[in-house]
Amino acid sequence: MRLRLAGALAAVLVTAGLATGPAAQAAPHPVRQPTLAGLAERHGRYFGSATDNPELSDSAYTRVLGGEFDMITPGNGMKWYATEPQQGVFDWTAGDQIVDLARSNRQRVRAHTLVWHSQLPDWLTSRQWTASELRAVLKKHITTEVRHYRGKVYSWDVVNEAFNEDGSYRDTLWYRTLGPGYIADALRWAHRADPHARLYLNDYNIEATGPKSDAYYRLAKDLKAAGVPLDGIGFQAHLALQYGYPTTLEDNLRRFSRLGLDTALTEVDVRMQLPATAEKLAEQATWYRDVTAACLAVRRCVGVTIWDYTDKYSWIPAVFPGEGAALPWDEELRPKPAYQALREALR
Ligand code: 9MR
């Protein structure tokens, strides 16, 4: 997009007679490296970043956000607490701000997330609901939010983090009150509200094969067989050097592809125990390279999103004390070895 724009500008200068003569024609053209998004595009993939509303006043930050990526995920702005803070009272301020910014930068949006057990408003969690009451509340929330963003988002993480590590259903408000059928219902309601949005289930610790990822495999297979509108599985990929690389990632992505589903790496970061040493940063770089290569190797893996791009705004230090340095740009917005490794993987 930028390159095309530069070309258009040069063309304008020539026709306006402002750039004439051999000197003007030979004038050194500032050579722009392609962006991560530009490199991914050559493979028919996107390369995205999450962002969050408080960061958008940081202009050095938004410059890179707007230039390097072609897919944006709102880290918090579309969650239930933000969008329906009181029952039946909807607030699109935070989500709209990010959608508008993405559109002005010609980026698409992975919308996140409709049904989750976390970041729910008090009115929802502080009382008891009958199944029929809660079903109506859920249907209204999904329908209203998906309709609001209809035609403006590429995909929805419809249900987030539905399973435990052992592959059993997570005991959430939704599961406890509505049973496992809430997942199919949520997908159907979302599809009705925006038939063109790609609908995902999304979770962490499912990158490697194992009980949790097997639970998604079984569920996805059942949902497809029942004709439920499920389009993809999102692998969050919140990785940590101290737990080892998920070597079965590529095979795992492939088995979901074979079910006729898209896959995506949706929240990638690679944290480490601080301090970050050159050695750890080099290992982190190979992990970023390898997860990206795994996605590129699987036909229906549609793209990679990192969970923000700079350590300045990473969620890790607040949640895992003593850990961090998880993203490809450091706290001063300088690219780390992981950034070069991503470029290598995409080249
Ligand atoms: O990045 C989000 C952070 O700002 C919030 O405080 C946190 C609350 O749980 O949620 C973070 O995003 C999560 C995402 O929505 C789902 N997968 C895990 C992410 C990291 O916690």
# chains A, B, ... in the order shown; residues from 1 in each chain; ligands from 1
>>> closest_atom_pairs(of="stretch 101-198 of chain A", to="stretch 213-229 of chain A", cutoff="8 Å", atoms="only C-alpha atoms", output="tab-separated table")
residue	atom	partner	partner_atom	distance
A:Phe163	CA	A:Ala215	CA	7.5
A:Gly167	CA	A:Ala215	CA	5.1
A:Ser168	CA	A:Ala215	CA	7.4
A:Ala184	CA	A:Val228	CA	6.2
A:Leu187	CA	A:Pro229	CA	6.0
A:Arg188	CA	A:Pro229	CA	6.2
A:His191	CA	A:Pro229	CA	6.6
>>> write_last_selection(atoms="N, CA and C atoms", output="compact mmCIF listing (two decimals), in the first residue's frame")
# COMPACT_ATOMS: atom_id res chain seq x y z
N PHE A 163 -11.98 -24.60 27.38
CA PHE A 163 -11.55 -25.90 27.93
C PHE A 163 -10.47 -25.76 29.00
N GLY A 167 -8.71 -31.14 29.02
CA GLY A 167 -9.65 -31.36 27.92
C GLY A 167 -11.10 -31.39 28.36
N SER A 168 -11.35 -31.21 29.66
CA SER A 168 -12.74 -31.11 30.11
C SER A 168 -13.22 -29.67 29.90
N ALA A 184 -22.25 -23.97 20.33
CA ALA A 184 -22.93 -24.01 19.02
C ALA A 184 -23.93 -22.86 18.90
N LEU A 187 -22.11 -19.60 18.11
CA LEU A 187 -21.66 -19.55 16.72
C LEU A 187 -22.84 -19.27 15.79
N ARG A 188 -23.98 -19.92 16.04
CA ARG A 188 -25.15 -19.71 15.17
C ARG A 188 -25.66 -18.27 15.27
N HIS A 191 -23.25 -15.95 13.46
CA HIS A 191 -23.34 -16.10 12.01
C HIS A 191 -24.57 -15.38 11.45
>>> residues_near_ligand(ligand="ligand 1", cutoff="9 Å", atoms="only C-alpha atoms and all ligand atoms", output="VMD selection string")
chain A and resid 50 to 52 74 to 76 79 112 to 113 116 118 to 119 160 to 161 202 to 204 236 238 266 to 267 307 to 308 313 to 316 318 to 319
>>> atom_distance(atom1="atom CA of A:Ala197", atom2="atom CA of A:Ala37")
20.8 Å
>>> residues_around(residues="stretch 62-66 of chain A", least_positions_apart="2", cutoff="8 Å", atoms="only C-alpha atoms", output="PDB file with all heavy atoms, in the first residue's frame")
ATOM      1  N   SER A  49      -1.161  -7.318  14.839  1.00  0.00           N
ATOM      2  CA  SER A  49      -0.817  -7.014  16.231  1.00  0.00           C
ATOM      3  C   SER A  49      -2.090  -6.674  16.997  1.00  0.00           C
ATOM      4  O   SER A  49      -3.011  -6.072  16.445  1.00  0.00           O
ATOM      5  CB  SER A  49       0.139  -5.814  16.311  1.00  0.00           C
ATOM      6  OG  SER A  49       0.374  -5.452  17.675  1.00  0.00           O
ATOM      7  N   GLU A  55      -3.053   3.053  24.711  1.00  0.00           N
ATOM      8  CA  GLU A  55      -1.768   3.236  24.022  1.00  0.00           C
ATOM      9  C   GLU A  55      -1.869   4.130  22.808  1.00  0.00           C
ATOM     10  O   GLU A  55      -0.861   4.552  22.240  1.00  0.00           O
ATOM     11  CB  GLU A  55      -1.255   1.868  23.540  1.00  0.00           C
ATOM     12  CG  GLU A  55      -1.216   0.846  24.625  1.00  0.00           C
ATOM     13  CD  GLU A  55      -1.320  -0.593  24.128  1.00  0.00           C
ATOM     14  OE1 GLU A  55      -1.051  -0.847  22.943  1.00  0.00           O
ATOM     15  OE2 GLU A  55      -1.689  -1.463  24.948  1.00  0.00           O
ATOM     16  N   LEU A  56      -3.097   4.423  22.398  1.00  0.00           N
ATOM     17  CA  LEU A  56      -3.265   5.074  21.099  1.00  0.00           C
ATOM     18  C   LEU A  56      -2.901   6.555  21.098  1.00  0.00           C
ATOM     19  O   LEU A  56      -2.830   7.176  20.048  1.00  0.00           O
ATOM     20  CB  LEU A  56      -4.704   4.868  20.585  1.00  0.00           C
ATOM     21  CG  LEU A  56      -5.104   3.402  20.409  1.00  0.00           C
ATOM     22  CD1 LEU A  56      -6.531   3.290  19.888  1.00  0.00           C
ATOM     23  CD2 LEU A  56      -4.144   2.668  19.481  1.00  0.00           C
ATOM     24  N   SER A  57      -2.626   7.113  22.294  1.00  0.00           N
ATOM     25  CA  SER A  57      -2.167   8.499  22.340  1.00  0.00           C
ATOM     26  C   SER A  57      -0.643   8.579  22.172  1.00  0.00           C
ATOM     27  O   SER A  57      -0.077   9.675  22.118  1.00  0.00           O
ATOM     28  CB  SER A  57      -2.572   9.130  23.675  1.00  0.00           C
ATOM     29  OG  SER A  57      -2.071   8.328  24.733  1.00  0.00           O
ATOM     30  N   ASP A  58       0.023   7.438  22.092  1.00  0.00           N
ATOM     31  CA  ASP A  58       1.484   7.380  21.941  1.00  0.00           C
ATOM     32  C   ASP A  58       1.785   7.347  20.440  1.00  0.00           C
ATOM     33  O   ASP A  58       1.651   6.323  19.784  1.00  0.00           O
ATOM     34  CB  ASP A  58       1.971   6.107  22.661  1.00  0.00           C
ATOM     35  CG  ASP A  58       3.465   5.863  22.526  1.00  0.00           C
ATOM     36  OD1 ASP A  58       4.105   6.482  21.649  1.00  0.00           O
ATOM     37  OD2 ASP A  58       3.979   5.041  23.301  1.00  0.00           O
ATOM     38  N   SER A  59       2.203   8.513  19.895  1.00  0.00           N
ATOM     39  CA  SER A  59       2.287   8.602  18.435  1.00  0.00           C
ATOM     40  C   SER A  59       3.455   7.802  17.865  1.00  0.00           C
ATOM     41  O   SER A  59       3.369   7.308  16.734  1.00  0.00           O
ATOM     42  CB  SER A  59       2.339  10.059  17.984  1.00  0.00           C
ATOM     43  OG  SER A  59       3.460  10.679  18.557  1.00  0.00           O
ATOM     44  N   ALA A  60       4.543   7.664  18.625  1.00  0.00           N
ATOM     45  CA  ALA A  60       5.643   6.815  18.128  1.00  0.00           C
ATOM     46  C   ALA A  60       5.134   5.376  18.024  1.00  0.00           C
ATOM     47  O   ALA A  60       5.449   4.642  17.078  1.00  0.00           O
ATOM     48  CB  ALA A  60       6.840   6.889  19.078  1.00  0.00           C
ATOM     49  N   GLU A  68       3.337  -1.369  10.066  1.00  0.00           N
ATOM     50  CA  GLU A  68       3.975  -2.684   9.943  1.00  0.00           C
ATOM     51  C   GLU A  68       2.989  -3.847   9.799  1.00  0.00           C
ATOM     52  O   GLU A  68       3.355  -4.927   9.372  1.00  0.00           O
ATOM     53  CB  GLU A  68       4.851  -2.887  11.189  1.00  0.00           C
ATOM     54  CG  GLU A  68       5.867  -4.003  11.100  1.00  0.00           C
ATOM     55  CD  GLU A  68       7.112  -3.633  10.298  1.00  0.00           C
ATOM     56  OE1 GLU A  68       7.619  -2.493  10.439  1.00  0.00           O
ATOM     57  OE2 GLU A  68       7.575  -4.480   9.539  1.00  0.00           O
ATOM     58  N   PHE A  69       1.728  -3.620  10.169  1.00  0.00           N
ATOM     59  CA  PHE A  69       0.757  -4.715  10.275  1.00  0.00           C
ATOM     60  C   PHE A  69      -0.452  -4.485   9.365  1.00  0.00           C
ATOM     61  O   PHE A  69      -0.768  -3.347   9.032  1.00  0.00           O
ATOM     62  CB  PHE A  69       0.292  -4.850  11.734  1.00  0.00           C
ATOM     63  CG  PHE A  69       1.451  -4.966  12.702  1.00  0.00           C
ATOM     64  CD1 PHE A  69       1.905  -3.851  13.420  1.00  0.00           C
ATOM     65  CD2 PHE A  69       2.115  -6.176  12.863  1.00  0.00           C
ATOM     66  CE1 PHE A  69       2.994  -3.948  14.276  1.00  0.00           C
ATOM     67  CE2 PHE A  69       3.200  -6.281  13.718  1.00  0.00           C
ATOM     68  CZ  PHE A  69       3.638  -5.166  14.432  1.00  0.00           C
ATOM     69  N   ALA A 102      -7.894   1.293  12.507  1.00  0.00           N
ATOM     70  CA  ALA A 102      -7.484   0.225  11.579  1.00  0.00           C
ATOM     71  C   ALA A 102      -7.947   0.567  10.155  1.00  0.00           C
ATOM     72  O   ALA A 102      -7.175   0.453   9.197  1.00  0.00           O
ATOM     73  CB  ALA A 102      -8.058  -1.117  12.029  1.00  0.00           C
ATOM     74  N   ASN A 105      -5.892   3.058   8.467  1.00  0.00           N
ATOM     75  CA  ASN A 105      -4.598   2.498   8.047  1.00  0.00           C
ATOM     76  C   ASN A 105      -4.770   1.334   7.066  1.00  0.00           C
ATOM     77  O   ASN A 105      -3.806   0.614   6.796  1.00  0.00           O
ATOM     78  CB  ASN A 105      -3.814   2.011   9.274  1.00  0.00           C
ATOM     79  CG  ASN A 105      -3.302   3.172  10.117  1.00  0.00           C
ATOM     80  OD1 ASN A 105      -2.861   4.185   9.593  1.00  0.00           O
ATOM     81  ND2 ASN A 105      -3.375   3.031  11.428  1.00  0.00           N
ATOM     82  N   GLN A 107      -6.192  -1.497   7.499  1.00  0.00           N
ATOM     83  CA  GLN A 107      -5.946  -2.781   8.160  1.00  0.00           C
ATOM     84  C   GLN A 107      -7.289  -3.458   8.436  1.00  0.00           C
ATOM     85  O   GLN A 107      -8.295  -2.790   8.647  1.00  0.00           O
ATOM     86  CB  GLN A 107      -5.229  -2.540   9.499  1.00  0.00           C
ATOM     87  CG  GLN A 107      -3.850  -1.907   9.332  1.00  0.00           C
ATOM     88  CD  GLN A 107      -3.359  -1.273  10.622  1.00  0.00           C
ATOM     89  OE1 GLN A 107      -4.095  -0.575  11.318  1.00  0.00           O
ATOM     90  NE2 GLN A 107      -2.099  -1.503  10.942  1.00  0.00           N
ATOM     91  N   TYR A 309       2.961  -5.355  19.973  1.00  0.00           N
ATOM     92  CA  TYR A 309       4.248  -5.588  19.307  1.00  0.00           C
ATOM     93  C   TYR A 309       5.442  -5.146  20.147  1.00  0.00           C
ATOM     94  O   TYR A 309       6.566  -5.525  19.860  1.00  0.00           O
ATOM     95  CB  TYR A 309       4.252  -4.922  17.917  1.00  0.00           C
ATOM     96  CG  TYR A 309       4.362  -3.413  17.921  1.00  0.00           C
ATOM     97  CD1 TYR A 309       5.596  -2.778  18.026  1.00  0.00           C
ATOM     98  CD2 TYR A 309       3.212  -2.603  17.848  1.00  0.00           C
ATOM     99  CE1 TYR A 309       5.704  -1.398  18.038  1.00  0.00           C
ATOM    100  CE2 TYR A 309       3.310  -1.229  17.850  1.00  0.00           C
ATOM    101  CZ  TYR A 309       4.556  -0.630  17.953  1.00  0.00           C
ATOM    102  OH  TYR A 309       4.664   0.734  17.974  1.00  0.00           O
TER     103      TYR A 309
END
>>> closest_atom_pairs(of="stretch 198-253 of chain A", to="stretch 322-326 of chain A", cutoff="12 Å", atoms="only C-alpha atoms", output="CSV")
residue,atom,partner,partner_atom,distance
A:Ala237,CA,A:Ala326,CA,11.6
A:His238,CA,A:Ala326,CA,9.1
A:Leu239,CA,A:Ala326,CA,8.6
A:Ala240,CA,A:Ala326,CA,8.3
A:Leu241,CA,A:Ala326,CA,9.5
A:Gln242,CA,A:Glu323,CA,10.4
>>> select_by_dssp(residues="stretch 189-224 of chain A", states="strand (DSSP E)", output="short mmCIF file (atom, residue, chain, number, x, y, z; two decimals) with all heavy atoms, in the first residue's frame")
data_model
loop_
_atom_site.label_atom_id
_atom_site.label_comp_id
_atom_site.auth_asym_id
_atom_site.auth_seq_id
_atom_site.Cartn_x
_atom_site.Cartn_y
_atom_site.Cartn_z
N ARG A 198 -15.65 -14.38 9.74
CA ARG A 198 -15.09 -15.72 9.99
C ARG A 198 -15.18 -15.97 11.50
O ARG A 198 -14.72 -15.16 12.30
CB ARG A 198 -13.63 -15.78 9.55
CG ARG A 198 -13.38 -15.33 8.12
CD ARG A 198 -13.90 -16.26 7.07
NE ARG A 198 -13.18 -17.52 7.02
CZ ARG A 198 -13.62 -18.61 6.38
NH1 ARG A 198 -14.80 -18.57 5.77
NH2 ARG A 198 -12.91 -19.70 6.35
N LEU A 199 -15.76 -17.10 11.87
CA LEU A 199 -16.05 -17.35 13.28
C LEU A 199 -15.09 -18.37 13.88
O LEU A 199 -14.94 -19.48 13.37
CB LEU A 199 -17.51 -17.80 13.43
CG LEU A 199 -18.55 -16.84 12.85
CD1 LEU A 199 -19.96 -17.36 13.14
CD2 LEU A 199 -18.38 -15.41 13.41
N TYR A 200 -14.49 -17.99 14.99
CA TYR A 200 -13.42 -18.78 15.62
C TYR A 200 -13.74 -19.20 17.05
O TYR A 200 -14.42 -18.47 17.79
CB TYR A 200 -12.13 -17.95 15.71
CG TYR A 200 -11.30 -17.92 14.44
CD1 TYR A 200 -11.72 -17.20 13.32
CD2 TYR A 200 -10.09 -18.62 14.37
CE1 TYR A 200 -10.96 -17.18 12.16
CE2 TYR A 200 -9.32 -18.59 13.21
CZ TYR A 200 -9.76 -17.87 12.11
OH TYR A 200 -9.00 -17.84 10.97
N LEU A 201 -13.15 -20.33 17.44
CA LEU A 201 -12.93 -20.65 18.84
C LEU A 201 -11.44 -20.40 19.08
O LEU A 201 -10.62 -20.69 18.22
CB LEU A 201 -13.27 -22.12 19.13
CG LEU A 201 -14.66 -22.58 18.69
CD1 LEU A 201 -14.83 -24.08 18.98
CD2 LEU A 201 -15.74 -21.77 19.39
N ASN A 202 -11.10 -19.89 20.27
CA ASN A 202 -9.74 -19.39 20.50
C ASN A 202 -9.28 -19.86 21.88
O ASN A 202 -10.05 -19.79 22.84
CB ASN A 202 -9.83 -17.85 20.43
CG ASN A 202 -8.49 -17.14 20.44
OD1 ASN A 202 -7.63 -17.45 19.62
ND2 ASN A 202 -8.32 -16.18 21.34
N ASP A 203 -8.03 -20.32 21.99
CA ASP A 203 -7.57 -20.74 23.32
C ASP A 203 -6.04 -20.75 23.39
O ASP A 203 -5.37 -20.67 22.36
CB ASP A 203 -8.11 -22.13 23.68
CG ASP A 203 -8.40 -22.29 25.18
OD1 ASP A 203 -7.66 -21.70 26.01
OD2 ASP A 203 -9.36 -23.02 25.52
#
>>> residues_around(residues="A:Val146", least_positions_apart="3", cutoff="9 Å", atoms="only C-alpha atoms", output="JSON, numbers by chain")
{"A": [114, 141, 142, 143, 149, 150, 156, 189, 190, 191, 193, 194, 197]}
>>> select_by_dssp(residues="stretch 113-304 of chain A", states="alpha helix (DSSP H)", output="PyMOL selection string")
chain A and resi 122-125+131-148+173-178+182-193+211-225+249-257+278-297
>>> closest_residue(among="A:Tyr243, A:Phe235, A:Trp174, A:Phe90", to="A:His117", atoms="only C-alpha atoms")
A:Trp174
>>> atom_distance(atom1="atom CA of A:Leu333", atom2="atom CA of A:Thr310")
6.0 Å
>>> atom_distance(atom1="atom CA of A:Ala264", atom2="atom CA of A:His196")
17.4 Å
>>> closest_residue(among="A:Asp96, A:Asp122, A:Asp290, A:Glu344", to="A:Val153", atoms="only C-alpha atoms")
A:Asp96
>>> residues_around(residues="A:Arg106", least_positions_apart="2", cutoff="10 Å", atoms="only C-alpha atoms", output="number ranges by chain")
A: 1, 66-67, 69-71, 100-104, 108-109
>>> residues_around(residues="A:Gln340", least_positions_apart="3", cutoff="10 Å", atoms="only C-alpha atoms", output="PyMOL selection string")
chain A and resi 36+285-286+288-289+328+335-337+343-346
>>> write_last_selection(atoms="C-alpha atoms", output="PDB file, in the first residue's frame")
ATOM      1  CA  LEU A  36       5.912  -7.663   7.989  1.00  0.00           C
ATOM      2  CA  ALA A 285      14.005 -15.100  17.889  1.00  0.00           C
ATOM      3  CA  THR A 286      14.167 -18.707  16.706  1.00  0.00           C
ATOM      4  CA  TYR A 288       9.202 -16.425  16.536  1.00  0.00           C
ATOM      5  CA  ARG A 289      10.757 -17.662  13.308  1.00  0.00           C
ATOM      6  CA  PRO A 328       9.633  -8.412  18.943  1.00  0.00           C
ATOM      7  CA  PRO A 335      13.325  -4.004  16.954  1.00  0.00           C
ATOM      8  CA  LYS A 336      14.825  -7.019  18.730  1.00  0.00           C
ATOM      9  CA  PRO A 337      16.396 -10.129  17.152  1.00  0.00           C
ATOM     10  CA  ARG A 343      11.340 -11.103   8.503  1.00  0.00           C
ATOM     11  CA  GLU A 344      13.527 -14.107   7.723  1.00  0.00           C
ATOM     12  CA  ALA A 345      10.643 -16.531   8.189  1.00  0.00           C
ATOM     13  CA  LEU A 346       8.419 -14.446   5.924  1.00  0.00           C
TER      14      LEU A 346
END
>>> closest_residue(among="A:Gly179, A:Thr172, A:Asp166, A:Tyr61", to="A:Gly210", atoms="only C-alpha atoms")
A:Asp166
